[in-house]
>>> print(open('data28.pdb').read())   # PDB, C-alpha atoms
MODEL        1
ATOM      1  CA  MET T   1       0.000   0.000   0.000
ATOM      2  CA  SER T   2       1.272   3.462  -0.776
ATOM      3  CA  GLU T   3       2.014   5.871   2.032
ATOM      4  CA  ALA T   4      -0.830   8.036   3.314
ATOM      5  CA  THR T   5      -0.352  11.719   2.609
ATOM      6  CA  PRO T   6      -1.759  14.219   5.130
ATOM      7  CA  HIS T   7      -4.061  16.689   3.413
ATOM      8  CA  SER T   8      -2.839  20.198   2.735
ATOM      9  CA  GLY T   9      -5.719  22.055   4.413
ATOM     10  CA  PRO T  10      -5.362  24.272   7.482
ATOM     11  CA  LEU T  11      -4.025  22.685  10.665
ATOM     12  CA  ARG T  12      -6.907  21.509  12.862
ATOM     13  CA  HIS T  13      -6.994  20.379  16.480
ATOM     14  CA  PHE T  14      -9.709  18.692  18.563
ATOM     15  CA  LEU T  15      -9.262  20.216  22.011
ATOM     16  CA  GLN T  16     -12.945  20.616  22.868
ATOM     17  CA  PHE T  17     -16.185  19.546  21.230
ATOM     18  CA  ARG T  18     -16.942  22.936  19.710
ATOM     19  CA  ASP T  19     -13.672  22.921  17.745
ATOM     20  CA  PHE T  20     -15.650  21.163  15.002
ATOM     21  CA  THR T  21     -18.780  22.337  13.226
ATOM     22  CA  LYS T  22     -22.025  20.389  13.402
ATOM     23  CA  ASP T  23     -21.425  19.097   9.870
ATOM     24  CA  GLU T  24     -17.927  17.948  10.800
ATOM     25  CA  ILE T  25     -19.178  16.140  13.904
ATOM     26  CA  ASN T  26     -21.831  14.420  11.785
ATOM     27  CA  TYR T  27     -19.188  13.455   9.220
ATOM     28  CA  VAL T  28     -16.925  11.905  11.879
ATOM     29  CA  ILE T  29     -19.856   9.944  13.341
ATOM     30  CA  ALA T  30     -20.910   8.704   9.888
ATOM     31  CA  ARG T  31     -17.319   7.774   9.124
ATOM     32  CA  ALA T  32     -17.102   5.892  12.436
ATOM     33  CA  ARG T  33     -20.125   3.847  11.333
ATOM     34  CA  LEU T  34     -18.348   2.851   8.111
ATOM     35  CA  ILE T  35     -15.112   2.054   9.963
ATOM     36  CA  LYS T  36     -16.933  -0.010  12.584
ATOM     37  CA  ASP T  37     -18.833  -1.970   9.918
ATOM     38  CA  LYS T  38     -15.541  -2.843   8.227
ATOM     39  CA  PHE T  39     -14.008  -3.782  11.599
ATOM     40  CA  LYS T  40     -16.866  -6.184  12.324
ATOM     41  CA  ARG T  41     -16.374  -7.801   8.901
ATOM     42  CA  TYR T  42     -12.607  -8.161   9.527
ATOM     43  CA  GLU T  43     -12.054  -5.934   6.513
ATOM     44  CA  PRO T  44      -8.803  -3.907   6.636
ATOM     45  CA  HIS T  45      -9.071  -0.120   6.735
ATOM     46  CA  ARG T  46      -5.517   1.229   6.583
ATOM     47  CA  THR T  47      -5.966   4.823   5.499
ATOM     48  CA  LEU T  48      -3.169   6.061   7.802
ATOM     49  CA  HIS T  49      -0.482   3.686   6.556
ATOM     50  CA  ASP T  50       3.018   4.793   7.593
ATOM     51  CA  LEU T  51       1.775   7.741   9.714
ATOM     52  CA  ASN T  52       2.724   8.137  13.370
ATOM     53  CA  LEU T  53       0.760   9.010  16.498
ATOM     54  CA  ALA T  54       2.455  10.220  19.690
ATOM     55  CA  MET T  55       0.394   9.636  22.848
ATOM     56  CA  VAL T  56       1.365  11.779  25.837
ATOM     57  CA  PHE T  57      -0.069  10.704  29.185
ATOM     58  CA  GLU T  58       0.182  12.980  32.193
ATOM     59  CA  LYS T  59      -2.890  11.213  33.643
ATOM     60  CA  ALA T  60      -3.294   7.453  33.885
ATOM     61  CA  SER T  61      -5.515   5.686  31.362
ATOM     62  CA  THR T  62      -6.961   2.345  30.291
ATOM     63  CA  ARG T  63      -9.608   2.972  27.621
ATOM     64  CA  THR T  64      -7.933   6.047  26.128
ATOM     65  CA  ARG T  65      -4.602   4.302  25.668
ATOM     66  CA  VAL T  66      -5.992   1.023  24.328
ATOM     67  CA  SER T  67      -8.479   2.659  21.959
ATOM     68  CA  PHE T  68      -6.015   5.144  20.456
ATOM     69  CA  GLU T  69      -3.142   2.660  20.262
ATOM     70  CA  ALA T  70      -5.195  -0.173  18.783
ATOM     71  CA  GLY T  71      -6.980   2.269  16.497
ATOM     72  CA  MET T  72      -3.813   3.753  15.019
ATOM     73  CA  TYR T  73      -2.340   0.293  14.394
ATOM     74  CA  GLN T  74      -5.585  -0.835  12.742
ATOM     75  CA  LEU T  75      -5.409   2.212  10.471
ATOM     76  CA  GLY T  76      -1.930   1.095   9.380
ATOM     77  CA  GLY T  77       0.054   3.617  11.401
ATOM     78  CA  SER T  78       2.381   3.359  14.367
ATOM     79  CA  VAL T  79       2.328   4.681  17.926
ATOM     80  CA  ILE T  80       4.793   6.206  20.373
ATOM     81  CA  HIS T  81       3.697   6.129  24.024
ATOM     82  CA  LEU T  82       5.075   8.777  26.411
ATOM     83  CA  THR T  83       4.441   9.529  30.084
ATOM     84  CA  THR T  84       5.880  12.161  32.385
ATOM     85  CA  GLY T  85       8.016   9.401  33.910
ATOM     86  CA  ASP T  86       9.830   8.552  30.679
ATOM     87  CA  SER T  87      10.022  11.962  29.014
ATOM     88  CA  GLN T  88      11.415  15.408  29.742
ATOM     89  CA  LEU T  89       7.906  16.577  30.679
ATOM     90  CA  GLY T  90       8.563  14.923  34.027
ATOM     91  CA  ARG T  91      11.694  17.033  34.400
ATOM     92  CA  SER T  92       9.885  20.337  33.903
ATOM     93  CA  GLU T  93      10.674  20.889  30.236
ATOM     94  CA  PRO T  94       8.339  23.661  29.027
ATOM     95  CA  ILE T  95       5.400  22.089  27.240
ATOM     96  CA  GLU T  96       5.933  24.542  24.378
ATOM     97  CA  ASP T  97       9.398  23.049  23.782
ATOM     98  CA  THR T  98       8.035  19.506  23.947
ATOM     99  CA  ALA T  99       5.413  20.442  21.343
ATOM    100  CA  ARG T 100       7.988  21.981  19.005
ATOM    101  CA  VAL T 101      10.134  18.835  19.107
ATOM    102  CA  ILE T 102       7.505  16.064  19.070
ATOM    103  CA  SER T 103       5.510  17.665  16.249
ATOM    104  CA  ARG T 104       8.588  17.633  13.998
ATOM    105  CA  MET T 105       8.815  13.848  14.366
ATOM    106  CA  VAL T 106       5.232  12.552  14.216
ATOM    107  CA  ASP T 107       2.036  13.232  12.270
ATOM    108  CA  LEU T 108      -0.473  13.483  15.113
ATOM    109  CA  VAL T 109      -0.444  13.939  18.910
ATOM    110  CA  MET T 110      -2.963  12.843  21.537
ATOM    111  CA  ILE T 111      -2.560  14.267  25.052
ATOM    112  CA  ARG T 112      -4.255  13.283  28.307
ATOM    113  CA  THR T 113      -3.400  15.928  30.869
ATOM    114  CA  PHE T 114      -4.625  18.272  33.600
ATOM    115  CA  GLU T 115      -5.569  21.903  32.840
ATOM    116  CA  GLN T 116      -7.074  22.725  29.440
ATOM    117  CA  THR T 117      -4.587  25.588  29.154
ATOM    118  CA  ARG T 118      -1.805  23.008  29.113
ATOM    119  CA  ILE T 119      -3.072  21.263  25.973
ATOM    120  CA  GLU T 120      -3.860  24.629  24.389
ATOM    121  CA  ARG T 121      -0.253  25.726  24.920
ATOM    122  CA  PHE T 122       0.958  22.483  23.336
ATOM    123  CA  ALA T 123      -1.343  22.887  20.335
ATOM    124  CA  ALA T 124      -0.277  26.507  19.834
ATOM    125  CA  HIS T 125       3.307  25.337  19.256
ATOM    126  CA  SER T 126       2.551  22.104  17.361
ATOM    127  CA  ARG T 127       3.052  21.583  13.631
ATOM    128  CA  VAL T 128       0.584  18.670  13.619
ATOM    129  CA  PRO T 129      -2.994  18.078  14.827
ATOM    130  CA  VAL T 130      -3.478  17.669  18.579
ATOM    131  CA  ILE T 131      -6.315  15.653  20.169
ATOM    132  CA  ASN T 132      -7.617  16.097  23.699
ATOM    133  CA  GLY T 133      -7.648  12.623  25.281
ATOM    134  CA  LEU T 134      -8.960  14.221  28.510
ATOM    135  CA  THR T 135      -8.364  17.366  30.532
ATOM    136  CA  ASN T 136      -9.851  18.627  33.776
ATOM    137  CA  GLU T 137     -12.251  20.775  31.753
ATOM    138  CA  TYR T 138     -13.298  18.641  28.744
ATOM    139  CA  HIS T 139     -13.478  15.065  27.434
ATOM    140  CA  PRO T 140     -14.546  15.483  23.782
ATOM    141  CA  CYS T 141     -13.518  12.023  22.519
ATOM    142  CA  GLN T 142     -15.727  10.341  25.109
ATOM    143  CA  ILE T 143     -18.754  12.437  24.160
ATOM    144  CA  LEU T 144     -18.151  11.637  20.477
ATOM    145  CA  ALA T 145     -18.310   7.951  21.398
ATOM    146  CA  ASP T 146     -21.391   8.469  23.573
ATOM    147  CA  ILE T 147     -23.298  10.266  20.832
ATOM    148  CA  PHE T 148     -22.319   7.602  18.299
ATOM    149  CA  THR T 149     -23.554   4.951  20.736
ATOM    150  CA  PHE T 150     -26.825   6.809  21.289
ATOM    151  CA  ILE T 151     -27.425   7.011  17.543
ATOM    152  CA  GLU T 152     -26.756   3.272  17.180
ATOM    153  CA  HIS T 153     -29.372   2.441  19.803
ATOM    154  CA  GLN T 154     -31.893   5.282  19.553
ATOM    155  CA  GLY T 155     -31.442   7.082  16.245
ATOM    156  CA  SER T 156     -30.839  10.822  15.950
ATOM    157  CA  ILE T 157     -30.090  12.638  19.210
ATOM    158  CA  GLU T 158     -31.596  15.895  17.933
ATOM    159  CA  GLY T 159     -34.628  16.866  20.018
ATOM    160  CA  LYS T 160     -33.949  14.163  22.635
ATOM    161  CA  THR T 161     -33.177  14.614  26.362
ATOM    162  CA  VAL T 162     -29.981  13.563  28.128
ATOM    163  CA  ALA T 163     -29.924  13.468  31.940
ATOM    164  CA  TRP T 164     -26.557  14.058  33.597
ATOM    165  CA  ILE T 165     -26.533  12.937  37.234
ATOM    166  CA  GLY T 166     -23.613  13.724  39.560
ATOM    167  CA  ASP T 167     -20.551  15.941  39.441
ATOM    168  CA  ALA T 168     -20.389  18.872  37.011
ATOM    169  CA  ASN T 169     -17.060  17.644  35.665
ATOM    170  CA  ASN T 170     -15.351  17.580  32.262
ATOM    171  CA  MET T 171     -18.020  15.203  30.931
ATOM    172  CA  ALA T 172     -20.893  17.468  31.945
ATOM    173  CA  TYR T 173     -19.344  20.541  30.323
ATOM    174  CA  THR T 174     -18.659  18.611  27.122
ATOM    175  CA  TRP T 175     -22.227  17.271  27.059
ATOM    176  CA  LEU T 176     -23.395  20.888  27.228
ATOM    177  CA  GLN T 177     -21.240  21.867  24.241
ATOM    178  CA  ALA T 178     -22.679  18.914  22.317
ATOM    179  CA  ALA T 179     -26.263  19.838  23.253
ATOM    180  CA  GLU T 180     -25.780  23.399  22.033
ATOM    181  CA  MET T 181     -24.312  22.174  18.743
ATOM    182  CA  LEU T 182     -26.532  19.181  17.973
ATOM    183  CA  GLY T 183     -29.871  20.440  19.273
ATOM    184  CA  PHE T 184     -30.778  18.188  22.174
ATOM    185  CA  LYS T 185     -31.671  19.027  25.777
ATOM    186  CA  LEU T 186     -29.369  18.413  28.739
ATOM    187  CA  ASN T 187     -30.900  17.942  32.190
ATOM    188  CA  VAL T 188     -28.297  18.306  34.941
ATOM    189  CA  SER T 189     -28.637  17.427  38.611
ATOM    190  CA  THR T 190     -25.713  17.851  40.986
ATOM    191  CA  PRO T 191     -25.357  18.094  44.761
ATOM    192  CA  PRO T 192     -25.210  21.628  46.185
ATOM    193  CA  GLY T 193     -21.771  23.118  45.655
ATOM    194  CA  TYR T 194     -20.886  20.799  42.749
ATOM    195  CA  GLY T 195     -22.913  22.390  39.966
ATOM    196  CA  LEU T 196     -22.040  23.966  36.643
ATOM    197  CA  GLU T 197     -20.164  27.252  36.988
ATOM    198  CA  PRO T 198     -22.257  30.141  35.597
ATOM    199  CA  ALA T 199     -19.149  31.938  34.338
ATOM    200  CA  ARG T 200     -18.206  28.920  32.212
ATOM    201  CA  ILE T 201     -21.593  28.142  30.675
ATOM    202  CA  GLY T 202     -22.971  31.606  29.959
ATOM    203  CA  GLN T 203     -26.751  31.646  29.545
ATOM    204  CA  PRO T 204     -27.846  28.584  27.544
ATOM    205  CA  ASP T 205     -31.442  28.561  26.339
ATOM    206  CA  ALA T 206     -33.856  26.601  28.522
ATOM    207  CA  SER T 207     -34.466  24.289  25.571
ATOM    208  CA  ILE T 208     -30.800  23.267  25.822
ATOM    209  CA  LEU T 209     -30.031  23.208  29.558
ATOM    210  CA  GLU T 210     -32.219  22.701  32.625
ATOM    211  CA  GLN T 211     -30.794  22.202  36.114
ATOM    212  CA  PHE T 212     -32.562  20.237  38.853
ATOM    213  CA  ASP T 213     -32.071  19.949  42.594
ATOM    214  CA  ASN T 214     -33.655  16.483  42.611
ATOM    215  CA  PRO T 215     -31.988  13.875  40.349
ATOM    216  CA  ILE T 216     -35.303  12.049  39.920
ATOM    217  CA  ASP T 217     -36.736  15.150  38.254
ATOM    218  CA  ALA T 218     -33.740  15.381  35.921
ATOM    219  CA  CYS T 219     -34.312  11.788  34.769
ATOM    220  CA  ARG T 220     -38.017  12.209  34.129
ATOM    221  CA  GLY T 221     -38.701  11.453  30.442
ATOM    222  CA  ALA T 222     -34.984  11.351  29.545
ATOM    223  CA  HIS T 223     -33.877   9.218  26.595
ATOM    224  CA  LEU T 224     -30.399   8.783  28.049
ATOM    225  CA  VAL T 225     -29.316   8.764  31.686
ATOM    226  CA  THR T 226     -25.597   9.068  32.251
ATOM    227  CA  THR T 227     -23.139   9.673  35.064
ATOM    228  CA  ASP T 228     -19.489   9.432  36.094
ATOM    229  CA  VAL T 229     -17.452   8.716  39.218
ATOM    230  CA  TRP T 230     -18.016  11.061  42.122
ATOM    231  CA  THR T 231     -14.302  11.801  42.468
ATOM    232  CA  SER T 232     -12.365  12.503  39.285
ATOM    233  CA  MET T 233      -8.589  12.185  38.972
ATOM    234  CA  GLY T 234      -6.861  14.981  40.811
ATOM    235  CA  TYR T 235      -9.580  15.333  43.463
ATOM    236  CA  GLU T 236      -8.813  12.209  45.504
ATOM    237  CA  ASP T 237      -8.284  14.192  48.716
ATOM    238  CA  GLU T 238     -11.993  15.138  48.570
ATOM    239  CA  ASN T 239     -13.146  11.522  48.303
ATOM    240  CA  GLU T 240     -14.832  11.111  51.697
ATOM    241  CA  GLU T 241     -16.457  14.542  51.550
ATOM    242  CA  ARG T 242     -17.810  13.739  48.088
ATOM    243  CA  ARG T 243     -19.163  10.365  49.196
ATOM    244  CA  ARG T 244     -21.331  12.142  51.746
ATOM    245  CA  ALA T 245     -22.416  14.942  49.407
ATOM    246  CA  PHE T 246     -23.306  12.630  46.494
ATOM    247  CA  ALA T 247     -25.115   9.904  48.458
ATOM    248  CA  ASP T 248     -28.500  10.721  46.853
ATOM    249  CA  TRP T 249     -27.049  10.965  43.335
ATOM    250  CA  CYS T 250     -26.639   7.242  42.680
ATOM    251  CA  VAL T 251     -28.363   6.278  39.411
ATOM    252  CA  ASP T 252     -30.641   3.433  40.435
ATOM    253  CA  ALA T 253     -33.708   1.586  39.218
ATOM    254  CA  GLU T 254     -36.007   4.304  40.583
ATOM    255  CA  MET T 255     -34.336   6.938  38.415
ATOM    256  CA  MET T 256     -34.398   4.743  35.314
ATOM    257  CA  ALA T 257     -38.091   3.964  35.931
ATOM    258  CA  VAL T 258     -39.096   7.615  35.457
ATOM    259  CA  ALA T 259     -37.030   8.004  32.284
ATOM    260  CA  ASP T 260     -38.428   7.282  28.827
ATOM    261  CA  PRO T 261     -39.529   3.610  28.597
ATOM    262  CA  HIS T 262     -36.803   2.981  26.015
ATOM    263  CA  ALA T 263     -34.120   4.995  27.811
ATOM    264  CA  ILE T 264     -30.543   3.757  27.895
ATOM    265  CA  PHE T 265     -27.818   4.180  30.517
ATOM    266  CA  MET T 266     -24.205   5.199  29.896
ATOM    267  CA  HIS T 267     -21.092   5.566  32.018
ATOM    268  CA  CYS T 268     -17.640   6.456  30.660
ATOM    269  CA  LEU T 269     -15.962   4.049  33.144
ATOM    270  CA  PRO T 270     -14.341   3.037  35.412
ATOM    271  CA  ALA T 271     -17.497   2.614  37.486
ATOM    272  CA  HIS T 272     -17.999   2.107  41.200
ATOM    273  CA  ARG T 273     -21.112  -0.001  41.679
ATOM    274  CA  GLY T 274     -23.065   1.152  44.695
ATOM    275  CA  GLU T 275     -21.724   4.696  44.459
ATOM    276  CA  GLU T 276     -22.610   6.694  41.327
ATOM    277  CA  VAL T 277     -24.613   3.792  39.856
ATOM    278  CA  SER T 278     -26.244   0.664  41.202
ATOM    279  CA  ALA T 279     -25.159  -2.733  39.935
ATOM    280  CA  GLU T 280     -28.780  -3.329  38.901
ATOM    281  CA  VAL T 281     -28.562  -0.445  36.421
ATOM    282  CA  ILE T 282     -25.040  -0.751  34.998
ATOM    283  CA  ASP T 283     -25.388  -4.520  34.578
ATOM    284  CA  GLY T 284     -29.046  -4.351  33.536
ATOM    285  CA  PRO T 285     -30.791  -4.436  30.161
ATOM    286  CA  GLN T 286     -30.845  -0.638  29.678
ATOM    287  CA  SER T 287     -27.082  -0.314  30.055
ATOM    288  CA  VAL T 288     -25.029   0.157  26.887
ATOM    289  CA  VAL T 289     -21.711   0.857  28.631
ATOM    290  CA  TRP T 290     -19.786  -1.902  26.849
ATOM    291  CA  ASP T 291     -20.883  -0.706  23.405
ATOM    292  CA  GLU T 292     -20.009   2.808  24.569
ATOM    293  CA  ALA T 293     -16.507   1.720  25.627
ATOM    294  CA  GLU T 294     -15.863  -0.117  22.344
ATOM    295  CA  ASN T 295     -17.045   2.857  20.346
ATOM    296  CA  ARG T 296     -14.139   4.940  21.621
ATOM    297  CA  LEU T 297     -12.059   2.843  19.214
ATOM    298  CA  HIS T 298     -14.227   3.531  16.176
ATOM    299  CA  VAL T 299     -14.908   7.246  16.627
ATOM    300  CA  GLN T 300     -11.256   7.957  17.403
ATOM    301  CA  LYS T 301     -10.167   6.160  14.249
ATOM    302  CA  ALA T 302     -12.578   8.368  12.308
ATOM    303  CA  LEU T 303     -11.314  11.434  14.181
ATOM    304  CA  MET T 304      -7.644  10.732  13.488
ATOM    305  CA  GLU T 305      -8.400  10.038   9.844
ATOM    306  CA  PHE T 306     -10.342  13.304   9.512
ATOM    307  CA  LEU T 307      -7.639  15.421  11.147
ATOM    308  CA  LEU T 308      -4.935  13.925   8.918
ATOM    309  CA  LEU T 309      -6.733  13.341   5.615
ATOM    310  CA  GLY T 310      -9.828  15.547   5.683
ATOM    311  CA  GLN T 311     -13.197  14.277   4.487
ATOM    312  CA  LEU T 312     -13.015  11.114   2.386
ATOM    313  CA  LYS T 313     -15.633   9.687   0.054
ATOM    314  CA  ALA T 314     -14.550   6.044   0.211
TER     315      ALA T 314
ENDMDL
END
>>> encode(input="data28.pdb", output="structure tokens")
Amino acid sequence: MSEATPHSGPLRHFLQFRDFTKDEINYVIARARLIKDKFKRYEPHRTLHDLNLAMVFEKASTRTRVSFEAGMYQLGGSVIHLTTGDSQLGRSEPIEDTARVISRMVDLVMIRTFEQTRIERFAAHSRVPVINGLTNEYHPCQILADIFTFIEHQGSIEGKTVAWIGDANNMAYTWLQAAEMLGFKLNVSTPPGYGLEPARIGQPDASILEQFDNPIDACRGAHLVTTDVWTSMGYEDENEERRRAFADWCVDAEMMAVADPHAIFMHCLPAHRGEEVSAEVIDGPQSVVWDEAENRLHVQKALMEFLLLGQLKA
């Protein structure tokens, strides 16, 4: 097979969900469908032959590493895995310098790190596309996978209702960006003191965002109920305090019972049964968490392909 040639269009990054237009998001999701269909038929799809992905992990990972690494190999490329322990990032090299060097040697970079400003600084000094594998503020690859999974099970997400139960973390903020772009409603219920920050969200229309004190009310009529761990990475010292504050925000059978009769449940994993979700729900018939986890592989393959090659017709 001949070498893949990155397209000559403007340099694009995927640092938060709104970095793409609605049409581009829809293209990536449609492309993920094609790529997944080929994967299930054991049909090779090596559009990124001889291209290289650098993965930089400043936060630990299971699904992000496996999905990006396996995905790039399946596309015919290769992968370099870096952590702060085996790179100069762990010795306080400026991230701008790391970006200048790495982007001269590879075709694409995925970073999983802490503050959003850190990945933005990297991208500003990179010669190649940069993907946000997770930051404290946003998790756009996960929401891409979640929306793809919703479409597989429920059809178009436009006009539907998603209930977010728990911490207003990077997932919640990314769900809000997706709702504003794709035209669905986001119901959010968080414990007092853990809600969305008004300065960050502006004034979304009530047709896009509604906030509830009672998580049961947020789930009422929802087509998707979703949650995350109560304590995200970097907040471990708050664990016991959060356990007490979030005790009534466990997604259980009662919450799912008031949702739409065909509602599904998602969780980006890892999950703590008996905390943010009951075992009855995550292991029950409405749960699609394993499809959701697998779909990280397919949407990220489509994402990498789009950033490197642009929109393809075949």
>>> residues_around(input="data28.pdb", residues="segment 155-163 of chain T", least_positions_apart="6", cutoff="10 Å", atoms="all atoms listed in the file", output="ChimeraX atom specification")
/T:147-149,172,175-176,179,181-189,207-211,215-227,259-260,263-265
>>> closest_residue(input="data28.pdb", among="T:Leu34, T:Ile102, T:Cys268, T:Leu15", to="Val56 of chain T", atoms="all atoms listed in the file")
T:Ile102
>>> resolve_selection(input="data28.pdb", expression="the PyMOL selection byres ((chain T and resi 140) around 10)", output="list in words")
Phe14, Leu15, Gln16, Phe17, Arg18, Asp19, Ile131, Asn132, Gly133, Leu134, Thr135, Glu137, Tyr138, His139, Cys141, Gln142, Ile143, Leu144, Ala145, Asp146, Asn170, Met171, Tyr173, Thr174, Trp175, Gln177 and Ala178 of chain T
>>> residues_around(input="data28.pdb", residues="segment 105-117 of chain T", least_positions_apart="6", cutoff="9 Å", atoms="all atoms listed in the file", output="VMD selection string")
chain T and resid 6 15 51 to 61 64 68 80 126 to 138 234 304 307 to 308
>>> atom_distance(input="data28.pdb", atom1="atom CA of Lys313 of chain T", atom2="atom CA of Arg33 of chain T")
13.5 Å
